[in-house]
4 protein chains.
Amino acid sequence: MIKIHTVSGYEEVGKNMTAVEYNGEVVIIDMGIRLDRVLIHEDVNIQQFPTKELQKLGAIPDDSSIRNKKVVAITFTHGHLDHIGAVAKLAPHYPDVPIYGTPYTIKLAKGEVKSEQYFEVKNPMYETEYGEIVQVSENLAIEFVQITHSIPQSAMVVVHTPEGAVVHTGDFKFDNNNPLGERPDYKRLKELGKEGVKVLIAESTRVAEPTKTPSEAVAQMLLEDFFLYEGMEADGLIATTFASHISRLQELIWIANKMGRQAVLVGRSLAKYTGIAKQLGLIKMKGAKAVRSPNAVRKVLKEVSQARENYLLIVTGHQGEPGAVLTRMANGELYDIGKRDTVVFSAGTIPNPLNRAQRYVLETKLKMKGVRMIKDLHVSGHASREDHRYLIRMLNPENIVPAHGEFRMLTHYAELAEEEGYLIGRDVFVSRNGYMVEIR
Amino acid sequence: MIKIHTVSGYEEVGKNMTAVEYNGEVVIIDMGIRLDRVLIHEDVNIQQFPTKELQKLGAIPDDSSIRNKKVVAITFTHGHLDHIGAVAKLAPHYPDVPIYGTPYTIKLAKGEVKSEQYFEVKNPMYETEYGEIVQVSENLAIEFVQITHSIPQSAMVVVHTPEGAVVHTGDFKFDNNNPLGERPDYKRLKELGKEGVKVLIAESTRVAEPTKTPSEAVAQMLLEDFFLYEGMEADGLIATTFASHISRLQELIWIANKMGRQAVLVGRSLAKYTGIAKQLGLIKMKGAKAVRSPNAVRKVLKEVSQARENYLLIVTGHQGEPGAVLTRMANGELYDIGKRDTVVFSAGTIPNPLNRAQRYVLETKLKMKGVRMIKDLHVSGHASREDHRYLIRMLNPENIVPAHGEFRMLTHYAELAEEEGYLIGRDVFVSRNGYMVEIR
Amino acid sequence: MIKIHTVSGYEEVGKNMTAVEYNGEVVIIDMGIRLDRVLIHEDVNIQQFPTKELQKLGAIPDDSSIRNKKVVAITFTHGHLDHIGAVAKLAPHYPDVPIYGTPYTIKLAKGEVKSEQYFEVKNPMYETEYGEIVQVSENLAIEFVQITHSIPQSAMVVVHTPEGAVVHTGDFKFDNNNPLGERPDYKRLKELGKEGVKVLIAESTRVAEPTKTPSEAVAQMLLEDFFLYEGMEADGLIATTFASHISRLQELIWIANKMGRQAVLVGRSLAKYTGIAKQLGLIKMKGAKAVRSPNAVRKVLKEVSQARENYLLIVTGHQGEPGAVLTRMANGELYDIGKRDTVVFSAGTIPNPLNRAQRYVLETKLKMKGVRMIKDLHVSGHASREDHRYLIRMLNPENIVPAHGEFRMLTHYAELAEEEGYLIGRDVFVSRNGYMVEIR
Amino acid sequence: MIKIHTVSGYEEVGKNMTAVEYNGEVVIIDMGIRLDRVLIHEDVNIQQFPTKELQKLGAIPDDSSIRNKKVVAITFTHGHLDHIGAVAKLAPHYPDVPIYGTPYTIKLAKGEVKSEQYFEVKNPMYETEYGEIVQVSENLAIEFVQITHSIPQSAMVVVHTPEGAVVHTGDFKFDNNNPLGERPDYKRLKELGKEGVKVLIAESTRVAEPTKTPSEAVAQMLLEDFFLYEGMEADGLIATTFASHISRLQELIWIANKMGRQAVLVGRSLAKYTGIAKQLGLIKMKGAKAVRSPNAVRKVLKEVSQARENYLLIVTGHQGEPGAVLTRMANGELYDIGKRDTVVFSAGTIPNPLNRAQRYVLETKLKMKGVRMIKDLHVSGHASREDHRYLIRMLNPENIVPAHGEFRMLTHYAELAEEEGYLIGRDVFVSRNGYMVEIR
């Protein structure tokens, strides 16, 4: 019998962790953190806090329901922090268990491990290619299927069991026109559907949107439509987006090249994510540079401020995060941002009251300085209702467990599943953190 | 002294009419209807209702404030009904005054005139090219400047006076990548800015959106991203959009061609708008056909229903309008719509409670029949706040009169103008239907 | 073993029907209709439509899952149409099974039966007092517990079984200050809690509101605060509210008396509900009269219109329903409503797109006539989250089945239950129309 | 000629200041602060910041447009900080000019002056009774008219000029049933209407609400309906509301008495406002005590926590303000708040992203501790649209200047005025901070 342990991420967007059990053996999928639970406690430093305390705060998964199981593999669907951010805290609970992920994901996970101050993570970590089927025990094998999301090398994780495949979608959308060339592996998904999928564990973040999520190519066009026409006449140009969104950053660099400006990426996390991407050949930094150290940042921003028309600044701080580059600019630090500058938000506002407040403070300050702002040149990385429906039709799973969302989102997914012929409680299961679904 | 008569459309979205007066001579811009004011009275047939009654209902402009003026020209910015729909009722108030518009607009206006049952419209109507400057009196000349919107051959109307130009934007967005090749004439706009713009009359529909409106190319991509991938595997495919949105229809026809399906446009208004467009070479109907008469519609839908995989139906009814093709399908007429069909809404829901209700009824009925629906594969045709800001910076007008919207929208525009250095009451004027702004 | 058949009303607000099964015997609770499902089909006349068709439209419960069971009693929680409106269509499925309810409820149900044109309903109908325990089979007894709602003599229905009580809340709020003197029977509820409640079936309409629902005394105060001060100086005064809301109508009559005006209730349904209420001594019509027939309505409205300051009109039409008195007034019929009149809406807008549209049309027309409108002098009749929590704490049920709402509302209730120590799938069950929950 | 200087509070809710000029002489109405503009700059301490800096931040009015005028009187409508909070910073600009207000207001203003660290305020301050007409120059007299709001002794300020009265509403609602017995002085308002009102300056905060604002008696009933029934069985009971809302606090104390519990008011600002109110006989503290010093707070909360059933705690922190008592409780300080406690929010959430975030953090922390929360047992202190309409009809002013709100609110008021026969730009004037309206 297969058991799906819905460890965490089934009551929130954040701190994802799921475990697939077959015959006493367990494969773990993702170990994420939930940053907003850290943010509401001003005195919490995640590096210095003990695991138990972080679990109590709800910042990382409470893995007690599976801690004493025989875990044979840990897998990561992709490199976002709500999927890998707790690796340094939780992997030590499963000593020596190997960790698998695509190369970009594993390199990011290694970064997390390295910056950990308290625990030593000794688990072996393997970069795994799409399509490779890795036998992790006599009964179980894992596989990464290529999918598109807002970070490179995202995957659906398949756990092959004697009773059929368990497919965990990770975070995804079906992007048929991604500018970097990544494509969903429809062929493999349809094969899996034919081979027989026992359980589909599906993210639910945007399942309530009654449409198909736009391609990343749309974001590229939104940016080009502004920068390559009206932006040509602008003085200071500052774009801000997610540091891990390599595709978006590549588009901005291409645009800077077309405009004859130099793209300058400013901020620690931008340097981190693009650095690893460059190493793997996932981004071309031609015509761009990334600066990271406080001194270099200060120096480059001084240069830029004296000849703004020659640069396209790409900075951190799209949510008004304290300490981020744009936040500091709005506070009057680093760069005399003002009437001559246009800030392009290539990101939405994360719908959490704390984020809204930070973003509001940021925008208010920028507006008081006379800065022009252009918002929402952005598309989401998450599947909408009709993408989810398509996946269900391709995989034709026997059972479905909605994941990755508040209860409200999981139930929206369940309603979609009912439209496709499933029935809540019979073959689609809305579970809660720390509980388990038994698949008959 | 220039006077701007804000005749109508300054308290609603609909029934637009503005008049520019210089030295006792008047140029009228637009004569539209407001359909929702007709809709709330079930017994009103617009063709059979006298002008005075329609004015009292608020369905067409009350032009009494300018009726006894010396009108020297009537101009139309574009061919939507909220801009030309009252021509047959109001043009007779100004006998013999010539009417000007771009060719597509004039041809549509002639259609309105032809279908009028009560009045005879004898005004001469002239198809005018972009850029042509037409002297309409000793002091006044008019000019149509190319702009992009959701109908072909939209224009900003310029009234040249001895005191400077008055620019009326009509409805517009800045679309730098329109698939049909239409482009905003930035060059001419910048020239006008240098020559001196005395007054800018600007539409305000979406000025509250803090971004740049996406290009029509984005709508094309949204459609392709669905149809050319997932849609390939579908059985019945039905798209619905605005009948006057020639660019969108062309994109759908191209897509049908790429899919190896025949595009079949069904519905009277689709036939009307594409017919005129074809005549002017604005749409290529290769691989498509439009059916109009009740018999032809019934026949073609029967054929399609027997081999759905060979067709892409394009139908009227995206707002659930009574009598439209999709509405009738949902009622079980014309075509056995059901589980095998996918309906793609390439249109938003017009935010009026009556429309919302009609659309709700439509969607509820389709859902009860098991039809799959994909919504919002669409982008707006109206400028957002940052497009408006760009226009102000190009034209640098001495005075601004926000138009085309509810009071709330006009005041949002006024706030934008204040950000750009204007002051309400000094050089930006929020006016009301039937009143007048004197430009010192 | 107890089985809860969640026949209907578990996917919508409307057409409620639940069945409690013990040892093969069944007690039915409520048989309601869903009016909005009739409204979207313009050609449906509920009286003339066959039961099967109405079920297919979703207008009345599909009772096929219990139709062949041994039903021993039919009970009604209260007299609203979404609880009793299908009695004439569905009771014939259970011939001779006795029907129970409080006197006001039974009298209304008899009215429904009388107006039925196609079926003959022969079931015996018994007026049952609060507190009376009626043995309906060897194993089962039923009981009505007094509760407060927006119609007189509402009840929670208790089905006593050998395994413990099953409590169905019906619609309720905890109103400790109802002006008519009705009070929740906290004593009996606490007793039931001590005796042991096996299952609580709870309505969920407003469980998402994080507060306690205001008392009806608040509505009374809102009305008095307007009418007895500012209203004293008014000319025409027109109030509109729910025809079955006897408490609200009584408050309006009292207010009219205090103002020295005559209360005139106009409209068929007002006459119906107050007529039965008067018969049972539930309303005092002193200083008021109700008119019903078309002729009487026309005559009285003519009188009122000639001396408006002497009357307080109370009319149907608060949702803009076609054919209601206020709707017709707004259309220019019956009474020359205009600038001299104030319309007080003592009702919210039912949040359904069709209602919103009707209400919008109503308000637009009234506004065009210069009528003053005062909205929202109203409080809800449904329990909020903290009322529900209090009920759970009083009854301390072993199991909970949320009812009476869309899936979203049921899941909100389930979340509340989890806060109180229950667990979804273990002892709180979110079910769907036509399915069944087995209580171990 | 009368000039209305719309100094501040015409683009926001906060930092109100208006000046009425006649023949070169000026009466100032209110000098408020805007706290959210301080909040977004973490490093701003309002006591230590120079006036110019606070003006630049938008925290206090920029009074440069009237600074060199001949000011003959400063008046305060009521004692809220957005009306008196800048007195210590701005009164020194007008040395020796006398300050007038009702006794409660003046006592609060003196408190503000006392806590000022940098400036010395030497202006004489006079406690003025309702109805008293104070001659402040040969031409000008002032008068305070009794009105109801959420703080005692609120007033409309009348400036009597040779051209007629200028009426400034301050903040108000028409409360005909205030539990403390305060009533709007309708008689005087109607007299003023007959004598002739030249200008009405009206607050606009809630003018968009299409109703009449409920009486404070409704809040009392909401509280009683919970506390005197369900609350009787509760263990720890904690209420939180506005410290200046003396009526609400009195209701809570009465309720505590009826429950046989002691009301304990905890927090510096609660002690301040109730202290002055007690001194003026505006509140009866029988059965209650207020604690203020950190030591006393700690001591009393320890006592309460050991016998919760004997107390009703009334605390600061309803918006989650940092440092407030409830905020600290949620952080685990002062009192072991938890499952045994119920927190009643007798206050809404102020709709500003920063407040929302603070309140969200507060609620999240309380929920994590298992605290039960009951929200929204509250009514607003601001007039709704129909109250405003009534005021216009009573005063029948020649001209109207909407005040106290964002542009959006002022324009909503202007639309109401148009419904009552005024016309924007002719006799109703939407102005901006720092500008002036000339009344012909």
# chains A, B, ... in the order shown; residues from 1 in each chain; ligands from 1
>>> interface_residues(of="chain B", to="chain A", cutoff="7 Å", atoms="only C-alpha atoms", output="list of chain:residue names")
B:Asn176, B:Pro210, B:Thr211, B:Lys212, B:Pro214, B:Val218, B:Leu222, B:Asp225, B:Ile374, B:Lys375, B:Asp376, B:Glu386
>>> write_last_selection(atoms="N, CA and C atoms", output="PDB file, in the first residue's frame")
ATOM      1  N   ASN B 176       3.187  48.736 -29.660  1.00  0.00           N
ATOM      2  CA  ASN B 176       4.372  48.780 -30.522  1.00  0.00           C
ATOM      3  C   ASN B 176       4.581  47.502 -31.304  1.00  0.00           C
ATOM      4  N   PRO B 210      -1.672  50.943 -12.763  1.00  0.00           N
ATOM      5  CA  PRO B 210      -0.329  51.528 -12.642  1.00  0.00           C
ATOM      6  C   PRO B 210       0.717  50.818 -13.490  1.00  0.00           C
ATOM      7  N   THR B 211       0.458  50.697 -14.769  1.00  0.00           N
ATOM      8  CA  THR B 211       1.386  49.940 -15.608  1.00  0.00           C
ATOM      9  C   THR B 211       1.299  50.443 -17.034  1.00  0.00           C
ATOM     10  N   LYS B 212       1.888  49.709 -17.941  1.00  0.00           N
ATOM     11  CA  LYS B 212       1.742  49.925 -19.378  1.00  0.00           C
ATOM     12  C   LYS B 212       0.845  48.832 -19.914  1.00  0.00           C
ATOM     13  N   PRO B 214      -0.485  45.918 -22.133  1.00  0.00           N
ATOM     14  CA  PRO B 214       0.203  44.984 -23.032  1.00  0.00           C
ATOM     15  C   PRO B 214      -0.194  45.167 -24.497  1.00  0.00           C
ATOM     16  N   VAL B 218       0.520  40.238 -27.276  1.00  0.00           N
ATOM     17  CA  VAL B 218       0.395  39.376 -26.101  1.00  0.00           C
ATOM     18  C   VAL B 218      -0.867  38.515 -26.208  1.00  0.00           C
ATOM     19  N   LEU B 222      -1.049  34.491 -26.156  1.00  0.00           N
ATOM     20  CA  LEU B 222      -1.899  33.731 -25.239  1.00  0.00           C
ATOM     21  C   LEU B 222      -2.732  32.722 -26.015  1.00  0.00           C
ATOM     22  N   ASP B 225      -0.416  30.000 -27.526  1.00  0.00           N
ATOM     23  CA  ASP B 225       0.133  29.130 -26.493  1.00  0.00           C
ATOM     24  C   ASP B 225      -0.884  28.051 -26.091  1.00  0.00           C
ATOM     25  N   ILE B 374     -12.076  28.403 -21.093  1.00  0.00           N
ATOM     26  CA  ILE B 374     -10.793  29.041 -20.815  1.00  0.00           C
ATOM     27  C   ILE B 374     -11.005  30.532 -20.976  1.00  0.00           C
ATOM     28  N   LYS B 375     -10.769  31.273 -19.913  1.00  0.00           N
ATOM     29  CA  LYS B 375     -11.126  32.686 -19.922  1.00  0.00           C
ATOM     30  C   LYS B 375      -9.896  33.579 -20.021  1.00  0.00           C
ATOM     31  N   ASP B 376     -10.168  34.834 -20.375  1.00  0.00           N
ATOM     32  CA  ASP B 376      -9.177  35.899 -20.245  1.00  0.00           C
ATOM     33  C   ASP B 376      -7.974  35.765 -21.167  1.00  0.00           C
ATOM     34  N   GLU B 386       0.713  54.597 -17.188  1.00  0.00           N
ATOM     35  CA  GLU B 386       2.041  54.968 -17.684  1.00  0.00           C
ATOM     36  C   GLU B 386       2.041  55.291 -19.178  1.00  0.00           C
TER      37      GLU B 386
END
>>> residues_around(residues="range 316-332 of chain B", least_positions_apart="3", cutoff="8 Å", atoms="only C-alpha atoms", output="PDB file with N, CA and C atoms, in the first residue's frame")
ATOM      1  N   THR B 240     -14.633  33.063 -28.770  1.00  0.00           N
ATOM      2  CA  THR B 240     -15.566  34.190 -28.853  1.00  0.00           C
ATOM      3  C   THR B 240     -14.837  35.471 -28.487  1.00  0.00           C
ATOM      4  N   THR B 241     -15.051  36.503 -29.283  1.00  0.00           N
ATOM      5  CA  THR B 241     -14.391  37.783 -29.030  1.00  0.00           C
ATOM      6  C   THR B 241     -15.244  38.906 -29.610  1.00  0.00           C
ATOM      7  N   PHE B 242     -14.755  40.134 -29.496  1.00  0.00           N
ATOM      8  CA  PHE B 242     -15.470  41.298 -30.012  1.00  0.00           C
ATOM      9  C   PHE B 242     -15.510  41.261 -31.545  1.00  0.00           C
ATOM     10  N   ALA B 243     -16.696  41.476 -32.117  1.00  0.00           N
ATOM     11  CA  ALA B 243     -16.849  41.370 -33.570  1.00  0.00           C
ATOM     12  C   ALA B 243     -16.056  42.433 -34.311  1.00  0.00           C
ATOM     13  N   VAL B 266     -19.318  32.906 -37.083  1.00  0.00           N
ATOM     14  CA  VAL B 266     -20.758  32.764 -37.077  1.00  0.00           C
ATOM     15  C   VAL B 266     -21.412  33.921 -36.324  1.00  0.00           C
ATOM     16  N   GLY B 267     -22.295  34.611 -37.001  1.00  0.00           N
ATOM     17  CA  GLY B 267     -23.014  35.698 -36.327  1.00  0.00           C
ATOM     18  C   GLY B 267     -23.026  36.944 -37.184  1.00  0.00           C
ATOM     19  N   SER B 269     -22.921  40.222 -36.552  1.00  0.00           N
ATOM     20  CA  SER B 269     -21.998  41.337 -36.389  1.00  0.00           C
ATOM     21  C   SER B 269     -20.581  40.935 -36.807  1.00  0.00           C
ATOM     22  N   LEU B 270     -20.217  39.655 -36.601  1.00  0.00           N
ATOM     23  CA  LEU B 270     -18.918  39.200 -37.093  1.00  0.00           C
ATOM     24  C   LEU B 270     -18.841  39.376 -38.605  1.00  0.00           C
ATOM     25  N   TYR B 335     -26.618  23.946 -31.941  1.00  0.00           N
ATOM     26  CA  TYR B 335     -25.426  23.097 -31.916  1.00  0.00           C
ATOM     27  C   TYR B 335     -25.439  22.392 -30.574  1.00  0.00           C
ATOM     28  N   ASP B 336     -25.165  21.095 -30.574  1.00  0.00           N
ATOM     29  CA  ASP B 336     -25.244  20.370 -29.302  1.00  0.00           C
ATOM     30  C   ASP B 336     -23.950  20.527 -28.508  1.00  0.00           C
ATOM     31  N   ILE B 337     -23.764  21.714 -27.977  1.00  0.00           N
ATOM     32  CA  ILE B 337     -22.538  21.999 -27.229  1.00  0.00           C
ATOM     33  C   ILE B 337     -22.506  21.134 -25.975  1.00  0.00           C
ATOM     34  N   PHE B 345     -12.731  32.215 -24.177  1.00  0.00           N
ATOM     35  CA  PHE B 345     -13.168  33.608 -24.104  1.00  0.00           C
ATOM     36  C   PHE B 345     -11.970  34.511 -24.367  1.00  0.00           C
ATOM     37  N   SER B 346     -11.926  35.101 -25.548  1.00  0.00           N
ATOM     38  CA  SER B 346     -10.863  36.052 -25.850  1.00  0.00           C
ATOM     39  C   SER B 346     -11.422  37.457 -25.644  1.00  0.00           C
ATOM     40  N   ALA B 347     -11.867  37.702 -24.425  1.00  0.00           N
ATOM     41  CA  ALA B 347     -12.531  38.948 -24.039  1.00  0.00           C
ATOM     42  C   ALA B 347     -12.664  38.939 -22.541  1.00  0.00           C
ATOM     43  N   THR B 349     -14.792  40.367 -18.983  1.00  0.00           N
ATOM     44  CA  THR B 349     -16.186  40.654 -18.664  1.00  0.00           C
ATOM     45  C   THR B 349     -16.325  42.156 -18.458  1.00  0.00           C
ATOM     46  N   ILE B 350     -17.226  42.784 -19.206  1.00  0.00           N
ATOM     47  CA  ILE B 350     -17.434  44.222 -19.049  1.00  0.00           C
ATOM     48  C   ILE B 350     -18.021  44.463 -17.662  1.00  0.00           C
ATOM     49  N   ASN B 355     -24.045  43.061 -17.467  1.00  0.00           N
ATOM     50  CA  ASN B 355     -23.157  42.172 -18.194  1.00  0.00           C
ATOM     51  C   ASN B 355     -22.707  41.011 -17.337  1.00  0.00           C
ATOM     52  N   ARG B 356     -22.335  41.333 -16.089  1.00  0.00           N
ATOM     53  CA  ARG B 356     -21.897  40.261 -15.205  1.00  0.00           C
ATOM     54  C   ARG B 356     -22.973  39.188 -15.082  1.00  0.00           C
ATOM     55  N   GLN B 358     -25.453  38.476 -17.241  1.00  0.00           N
ATOM     56  CA  GLN B 358     -25.598  37.736 -18.503  1.00  0.00           C
ATOM     57  C   GLN B 358     -24.470  36.724 -18.666  1.00  0.00           C
ATOM     58  N   ARG B 359     -23.267  37.171 -18.358  1.00  0.00           N
ATOM     59  CA  ARG B 359     -22.120  36.285 -18.482  1.00  0.00           C
ATOM     60  C   ARG B 359     -22.214  35.127 -17.485  1.00  0.00           C
ATOM     61  N   TYR B 360     -22.674  35.436 -16.286  1.00  0.00           N
ATOM     62  CA  TYR B 360     -22.863  34.393 -15.272  1.00  0.00           C
ATOM     63  C   TYR B 360     -23.864  33.348 -15.734  1.00  0.00           C
ATOM     64  N   VAL B 361     -24.958  33.814 -16.299  1.00  0.00           N
ATOM     65  CA  VAL B 361     -25.967  32.884 -16.805  1.00  0.00           C
ATOM     66  C   VAL B 361     -25.352  32.009 -17.899  1.00  0.00           C
ATOM     67  N   LEU B 362     -24.631  32.656 -18.812  1.00  0.00           N
ATOM     68  CA  LEU B 362     -23.984  31.906 -19.895  1.00  0.00           C
ATOM     69  C   LEU B 362     -23.054  30.833 -19.342  1.00  0.00           C
ATOM     70  N   LYS B 365     -24.796  27.912 -17.547  1.00  0.00           N
ATOM     71  CA  LYS B 365     -25.416  26.962 -18.470  1.00  0.00           C
ATOM     72  C   LYS B 365     -24.365  26.103 -19.176  1.00  0.00           C
ATOM     73  N   LEU B 366     -23.269  26.722 -19.611  1.00  0.00           N
ATOM     74  CA  LEU B 366     -22.221  25.952 -20.284  1.00  0.00           C
ATOM     75  C   LEU B 366     -21.635  24.913 -19.331  1.00  0.00           C
TER      76      LEU B 366
END
>>> residues_around(residues="range 82-98 of chain B", least_positions_apart="5", cutoff="6 Å", atoms="only C-alpha atoms", output="list in words")
Gly14, Lys15, Asn16, Asp30, Met31, Gly32, Ile33, Thr51, Ala73, Val113, Val121, Asn123, Pro124 and Met125 of chain B
>>> write_last_selection(atoms="C-alpha atoms", output="short mmCIF file (atom, residue, chain, number, x, y, z; two decimals), in the first residue's frame")
data_model
loop_
_atom_site.label_atom_id
_atom_site.label_comp_id
_atom_site.auth_asym_id
_atom_site.auth_seq_id
_atom_site.Cartn_x
_atom_site.Cartn_y
_atom_site.Cartn_z
CA GLY B 14 -20.40 55.25 -23.23
CA LYS B 15 -22.24 57.78 -25.45
CA ASN B 16 -19.19 59.93 -26.10
CA ASP B 30 -17.92 61.50 -31.81
CA MET B 31 -21.63 60.73 -31.40
CA GLY B 32 -21.94 57.50 -29.40
CA ILE B 33 -24.62 55.46 -27.68
CA THR B 51 -34.25 60.90 -30.12
CA ALA B 73 -17.47 69.54 -39.05
CA VAL B 113 -27.07 55.43 -41.09
CA VAL B 121 -29.14 61.37 -42.71
CA ASN B 123 -24.70 64.82 -44.22
CA PRO B 124 -21.86 64.17 -46.64
CA MET B 125 -19.42 61.60 -45.25
#
>>> select_by_dssp(residues="range 159-336 of chain B", states="strand (DSSP E)", output="MDAnalysis selection string")
chainID B and resid 159:161 164:168 197:203 236:240 262:266 288:291 311:315
>>> write_last_selection(atoms="C-alpha atoms", output="compact mmCIF listing (two decimals), in the first residue's frame")
# COMPACT_ATOMS: atom_id res chain seq x y z
CA VAL B 159 -8.46 70.38 -34.32
CA HIS B 160 -5.99 73.01 -35.51
CA THR B 161 -6.95 76.49 -34.30
CA GLY B 164 -2.86 75.99 -31.13
CA ALA B 165 -3.94 72.41 -31.56
CA VAL B 166 -6.68 70.66 -29.64
CA VAL B 167 -5.92 66.93 -29.51
CA HIS B 168 -8.66 64.41 -28.70
CA VAL B 197 -0.82 71.74 -28.02
CA LYS B 198 -3.32 74.07 -26.42
CA VAL B 199 -5.65 71.37 -25.07
CA LEU B 200 -5.42 67.61 -24.67
CA ILE B 201 -8.75 65.80 -24.31
CA ALA B 202 -7.81 62.34 -23.08
CA GLU B 203 -9.77 59.15 -22.50
CA GLY B 236 -14.75 21.01 -30.60
CA LEU B 237 -13.05 24.42 -30.35
CA ILE B 238 -15.09 27.59 -30.02
CA ALA B 239 -13.59 31.05 -29.62
CA THR B 240 -15.57 34.19 -28.85
CA GLN B 262 -11.14 25.90 -40.99
CA ALA B 263 -12.12 29.07 -39.15
CA VAL B 264 -15.86 29.61 -39.29
CA LEU B 265 -17.15 32.97 -38.12
CA VAL B 266 -20.76 32.76 -37.08
CA ALA B 288 -11.95 31.13 -43.13
CA LYS B 289 -15.54 31.85 -43.90
CA ALA B 290 -18.19 34.02 -42.28
CA VAL B 291 -21.84 33.03 -42.15
CA TYR B 311 -13.08 23.53 -37.44
CA LEU B 312 -12.38 26.47 -35.21
CA LEU B 313 -15.69 28.19 -34.54
CA ILE B 314 -15.57 31.94 -33.89
CA VAL B 315 -18.84 33.17 -32.49
>>> atom_distance(atom1="CA of Gly170 in chain A", atom2="CA of Thr128 in chain A")
15.8 Å
>>> select_by_dssp(residues="range 120-250 of chain A", states="helix (DSSP H, G or I)", output="PyMOL selection string")
chain A and resi 186-195+216-227+230-233+246-250
>>> atom_distance(atom1="CA of Lys110 in chain D", atom2="CA of Ile28 in chain D")
17.3 Å
>>> closest_residue(among="A:Ala414, A:Val297, A:Ile147, A:Met232", to="Ile255 in chain A", atoms="only C-alpha atoms")
A:Met232
>>> atom_distance(atom1="CA of Ile151 in chain A", atom2="CA of Ala417 in chain A")
27.3 Å
>>> residues_around(residues="His5 in chain A", least_positions_apart="5", cutoff="7 Å", atoms="only C-alpha atoms", output="ChimeraX atom specification")
/A:18-20,435-437
>>> write_last_selection(atoms="C-alpha atoms", output="short mmCIF file (atom, residue, chain, number, x, y, z; two decimals), in the first residue's frame")
data_model
loop_
_atom_site.label_atom_id
_atom_site.label_comp_id
_atom_site.auth_asym_id
_atom_site.auth_seq_id
_atom_site.Cartn_x
_atom_site.Cartn_y
_atom_site.Cartn_z
CA THR A 18 5.86 15.47 1.27
CA ALA A 19 6.82 11.85 1.76
CA VAL A 20 5.83 8.84 -0.33
CA TYR A 435 -1.38 13.67 8.34
CA MET A 436 -1.30 10.86 5.86
CA VAL A 437 -3.41 9.58 3.00
#
>>> closest_residue(among="D:Met156, D:Ile40, D:Ala307, D:Ile253", to="Arg340 in chain D", atoms="only C-alpha atoms")
D:Ala307
>>> residues_around(residues="Val134 in chain D", least_positions_apart="2", cutoff="12 Å", atoms="only C-alpha atoms", output="list of chain:residue names")
D:Val72, D:Ala73, D:Thr75, D:Pro98, D:Ile99, D:Tyr100, D:Gly101, D:Tyr126, D:Glu127, D:Thr128, D:Glu129, D:Tyr130, D:Gly131, D:Glu132, D:Val136, D:Ser137, D:Glu138, D:Asn139, D:Leu140, D:Ala141, D:Ile142, D:Glu143, D:Phe144, D:Val157, D:Val158, D:Val159, D:His160
